[in-house]
Every structure is written in structure tokens, then in C-alpha cells.
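This report refers to the structure that appears directly beneath it.
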Amino acid sequence: MKFAVLYSHQFGKRMIANLLNEPGHCRACGPACNGCKYDMYSLADSLITAEELPKPEELPPFVDEPEDHLPELPPVDVLVAIRLHPDLLVALPEVYEIKALIVPVEEPDWIDPWIEEKLREVCEENGVELTVARPGCDLEPSGPVAETFCDAGMIGRPKLFMKVEDGVVIDVHVVRSAPCGCTWFVAKRLVGVDADPEEVKATVSEAHHSYPCTASMEVDKHVGDTLLHVAGRLHIEAALRALEEATDTDA
């Protein structure tokens with residue numbers, strides 16, 4: 001499984017650091033870090049390249065020759081595109097030999113409805129799986145190639161496994177993390193919290209904002225809410241689901 005990342009926003013750097021499982025990326029424990037996540041996975045050997053491209057506003061409104069602004073890439077299974085100029089984004093399935101395209105959207109203006117529809121058409125014409133995630137942590141793979149990639153990097157919609165003892169959360173395992181790695185941060189903050197839904201909800205909310213989340217506070221018409229709220233809600237739902245499924249060993 002080979003992949004590449006093209007980005008023009010800090011979310012790209014966060015996602016790359018999480019996929020490569022770079023030491024120090026999580027930051028949940030500070031100096032007390034015991035490296036619990038750093039031997040669980042790494043896509044370092046699968047990353048072909050990560051290129052930072054000009055921001056959309058740094059390019060002309062209309063780009064007639066998108067390939068002139070795109071780097072050369074060998075064939076890859078997955079290409080992750082983060083906040084690219086719309087003309088560059090739509091050109092990706094034709095310029096590159098790829099099997100799946102993943103487009104995280106942290107701000108509503110990263111991809112408008114017309115461009116998304118056009119991108120879907122181009123991907124279908126070129127046999128490319130397209131996954132658009134609003135926000136990034138609402139990532140649901142659209143096909144087997146994207147699913148294999150997400151499984152290898154342990155990313156997608158947040159999913160947790162929780163252990164409770166004497167009414168207290170004693171351990172939280174990340175089954176699947178938001179692409180940026182926020183879920184690992186949230187999971188660590190939950191350890192030691194009372195196993196009460198309201199306490200868990202409050203802790204997740206505080207941790208999610210402390211990471212901090214890069215999702216926008218602007219309402220996205222596709223989801224009818226701000227992407228920041230969607231991201232927070234996904235983490236809260238994951239934690240509450242894990243709490244509900246947890247068994248208090250001394251209850």
C-alpha cells in the first residue's frame with residue numbers, strides 16, 4: 001500500500017505525523033509520555049511523498065494547466081488531497097495513476113458542491129475511489145483500497161475501547177483515530193475520569209478543544225452545523241459508546 005499527500009494547510013502536517021506515528025505527535029502525556037502508541041503502527045514505509053503546495057489564494061482564480069502546478073508522482077494506491085486549488089483538485093484523477101483519492105474537509109470552502117460533483121464524475125470516469133470527509137474525523141472509506149489504507153493507519157471515524165473499575169475509567173484503547181490523531185489525545189485524558197456519561201462528555205469536549213481541533217466554526221451547509229461541532233460530537237459519541245459497552249469489573 002503506497003500513498004502520497006498533497007496539502008496546503010497545517011492539517012496535512014498533522015495527518016502525516018499521525019500516519020507515520022512520529023514520536024511526540026500525541027502530546028497527551030507531556031513529559032510523562034510512555035510511548036504507548038508509537039509501536040502500534042506506522043505508514044512510514046508506505047509514504048512515497050508529502051508535498052506542500054501553494055494555497056488556493058496564491059494561485060490564479062482559474063488554472064488552465066493544473067499539471068504545471070502539480071509535482072510528479074509515481075503510481076500510488078492512495079492520494080490524500082488537503083485544501084488544494086479546485087482546478088488542481090479536479091485534475092488529480094487524470095494527472096496521476098491512483099486507485100483512491102481521500103479529501104478531508106476542515107473548512108466549508110475547501111471544496112464547494114459544484115467542484116465536489118465534478119470531482120466525483122472525474123473519479124468515476126477514471127475508476128478512482130473518492131472519499132470526501134467533512135470534517136476529517138468523519139472519514140468513512142468509500143471502497144476497498146481506501147478501507148485498507150485507513151485500517152493500516154488506524155484512522156476513520158473515532159472508535160474507542162474502555163475499561164472501567166470501581167466506577168472509574170482505568171484504561172482507554174484507540175481502535176480507530178481521527179486522521180489528525182486527536183482521538184489518541186482524547187483517550188488519554190479520559191483515564192481516571194468518573195465513569196459517568198456527563199463527566200465523560202465534559203472531558204472529551206475539553207480535550208478535543210485543547211488538542212486543538214483544526215475544524216472550522218463556520219457552518220457547512222452539507223452537514224447543517226459547524227465542522228468543529230461535528231468533530232467534537234463524533235468524539236463524544238465514540239466515548240459514550242465505549243462507556244456503554246464497558247463492564248465495571250467491580251460493579
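In the C-alpha cells, each chain is lettered A, B, ... as it comes, each chain's residues begin at 1, and ligands are numbered from 1 in order of appearance.
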
Identify all residues of stretch 28-248 of chain A in strand (DSSP E or B) (DSSP on the backbone) and supply them as a VMD selection string. chain A and resid 47 to 52 76 to 82 98 to 104 129 to 133 155 159 to 165 168 to 177 194 219 to 220 225 to 226 248

Selection to disk with C-alpha atoms, as a CSV table (one decimal), in the first residue's frame:
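And here's out.csv as it stands now:
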chain,number,residue,atom,x,y,z
A,47,LEU,CA,4.6,7.1,2.2
A,48,ILE,CA,6.0,8.0,-1.3
A,49,THR,CA,6.0,11.7,-0.8
A,50,ALA,CA,4.3,14.6,1.0
A,51,GLU,CA,4.3,17.8,-0.9
A,52,GLU,CA,3.2,21.2,0.4
A,76,VAL,CA,0.3,5.2,-5.8
A,77,ASP,CA,-2.7,3.4,-4.2
A,78,VAL,CA,-4.0,6.3,-2.3
A,79,LEU,CA,-3.6,10.1,-2.7
A,80,VAL,CA,-4.7,12.4,0.1
A,81,ALA,CA,-5.5,15.9,-1.0
A,82,ILE,CA,-5.9,18.7,1.6
A,98,ILE,CA,-4.1,6.4,-8.4
A,99,LYS,CA,-6.7,3.9,-7.1
A,100,ALA,CA,-8.3,6.0,-4.3
A,101,LEU,CA,-8.5,9.7,-3.5
A,102,ILE,CA,-9.2,10.9,0.0
A,103,VAL,CA,-10.2,14.6,0.6
A,104,PRO,CA,-10.5,15.7,4.2
A,129,GLU,CA,-12.5,5.6,-5.3
A,130,LEU,CA,-13.4,9.0,-3.9
A,131,THR,CA,-13.8,9.7,-0.2
A,132,VAL,CA,-14.7,13.2,1.0
A,133,ALA,CA,-14.8,13.6,4.8
A,155,ILE,CA,-7.9,6.2,11.0
A,159,LYS,CA,-13.8,4.3,17.9
A,160,LEU,CA,-12.6,3.6,21.5
A,161,PHE,CA,-12.5,0.6,23.8
A,162,MET,CA,-12.8,1.5,27.5
A,163,LYS,CA,-12.2,-0.3,30.8
A,164,VAL,CA,-13.9,0.7,34.0
A,165,GLU,CA,-13.2,-0.3,37.6
A,168,VAL,CA,-13.7,5.0,37.3
A,169,VAL,CA,-12.3,4.8,33.7
A,170,ILE,CA,-9.0,3.0,34.2
A,171,ASP,CA,-7.9,2.5,30.5
A,172,VAL,CA,-9.0,3.6,27.1
A,173,HIS,CA,-7.7,2.0,23.9
A,174,VAL,CA,-8.0,3.7,20.5
A,175,VAL,CA,-9.4,1.3,17.9
A,176,ARG,CA,-9.7,4.0,15.3
A,177,SER,CA,-8.5,7.6,15.4
A,194,ASP,CA,-15.6,9.0,36.8
A,219,VAL,CA,-21.5,26.3,9.3
A,220,ASP,CA,-21.1,23.8,6.5
A,225,ASP,CA,-23.6,22.5,11.5
A,226,THR,CA,-20.1,23.8,12.1
A,248,ASP,CA,-17.3,-2.3,35.5

Near A:Thr214, within 10 Å and counting only C-alpha atoms, which residues show up once chain neighbours fewer than 3 positions away are dropped, as a ChimeraX atom specification? /A:9-11,14,106-107,135-136,180,209,211,217,227-228,231

Taking the DSSP secondary structure from the backbone, can you list the residues of stretch 105-166 of chain A that are helix (DSSP H, G or I), as an MDAnalysis selection string? chainID A and resid 108:110 113:125 136:138 144:153

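The interatomic distance for the pair atom CA of A:Val191 and atom CA of A:Ile16 works out to 26.2 Å.
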
To one decimal place, how far is atom CA of A:Val128 from atom CA of A:Pro86 in Å?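 Answer for the atom CA of A:Val128 to atom CA of A:Pro86 separation: 17.5 Å.
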
Counting only C-alpha atoms, the residue among A:Ile111, A:Met1, A:Leu240, A:Val200 that lies closest to A:Val90 is A:Ile111

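Distances here use only C-alpha atoms; by that measure, the residue among A:His235, A:Lys221, A:Arg157, A:Arg27 closest to A:Cys137 is A:Arg157.
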
Restricting the calculation to only C-alpha atoms: of A:Asn21, A:Thr247, A:Ser216, A:Ser8, which residue gets closest to A:Asp109?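 Under the stated criterion, the closest residue is A:Ser216.
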
From the set A:Leu53, A:Cys123, A:Leu20, A:Ala242, which residue has the shortest atom-to-atom contact distance to A:Ser142, counting only C-alpha atoms? A:Cys123
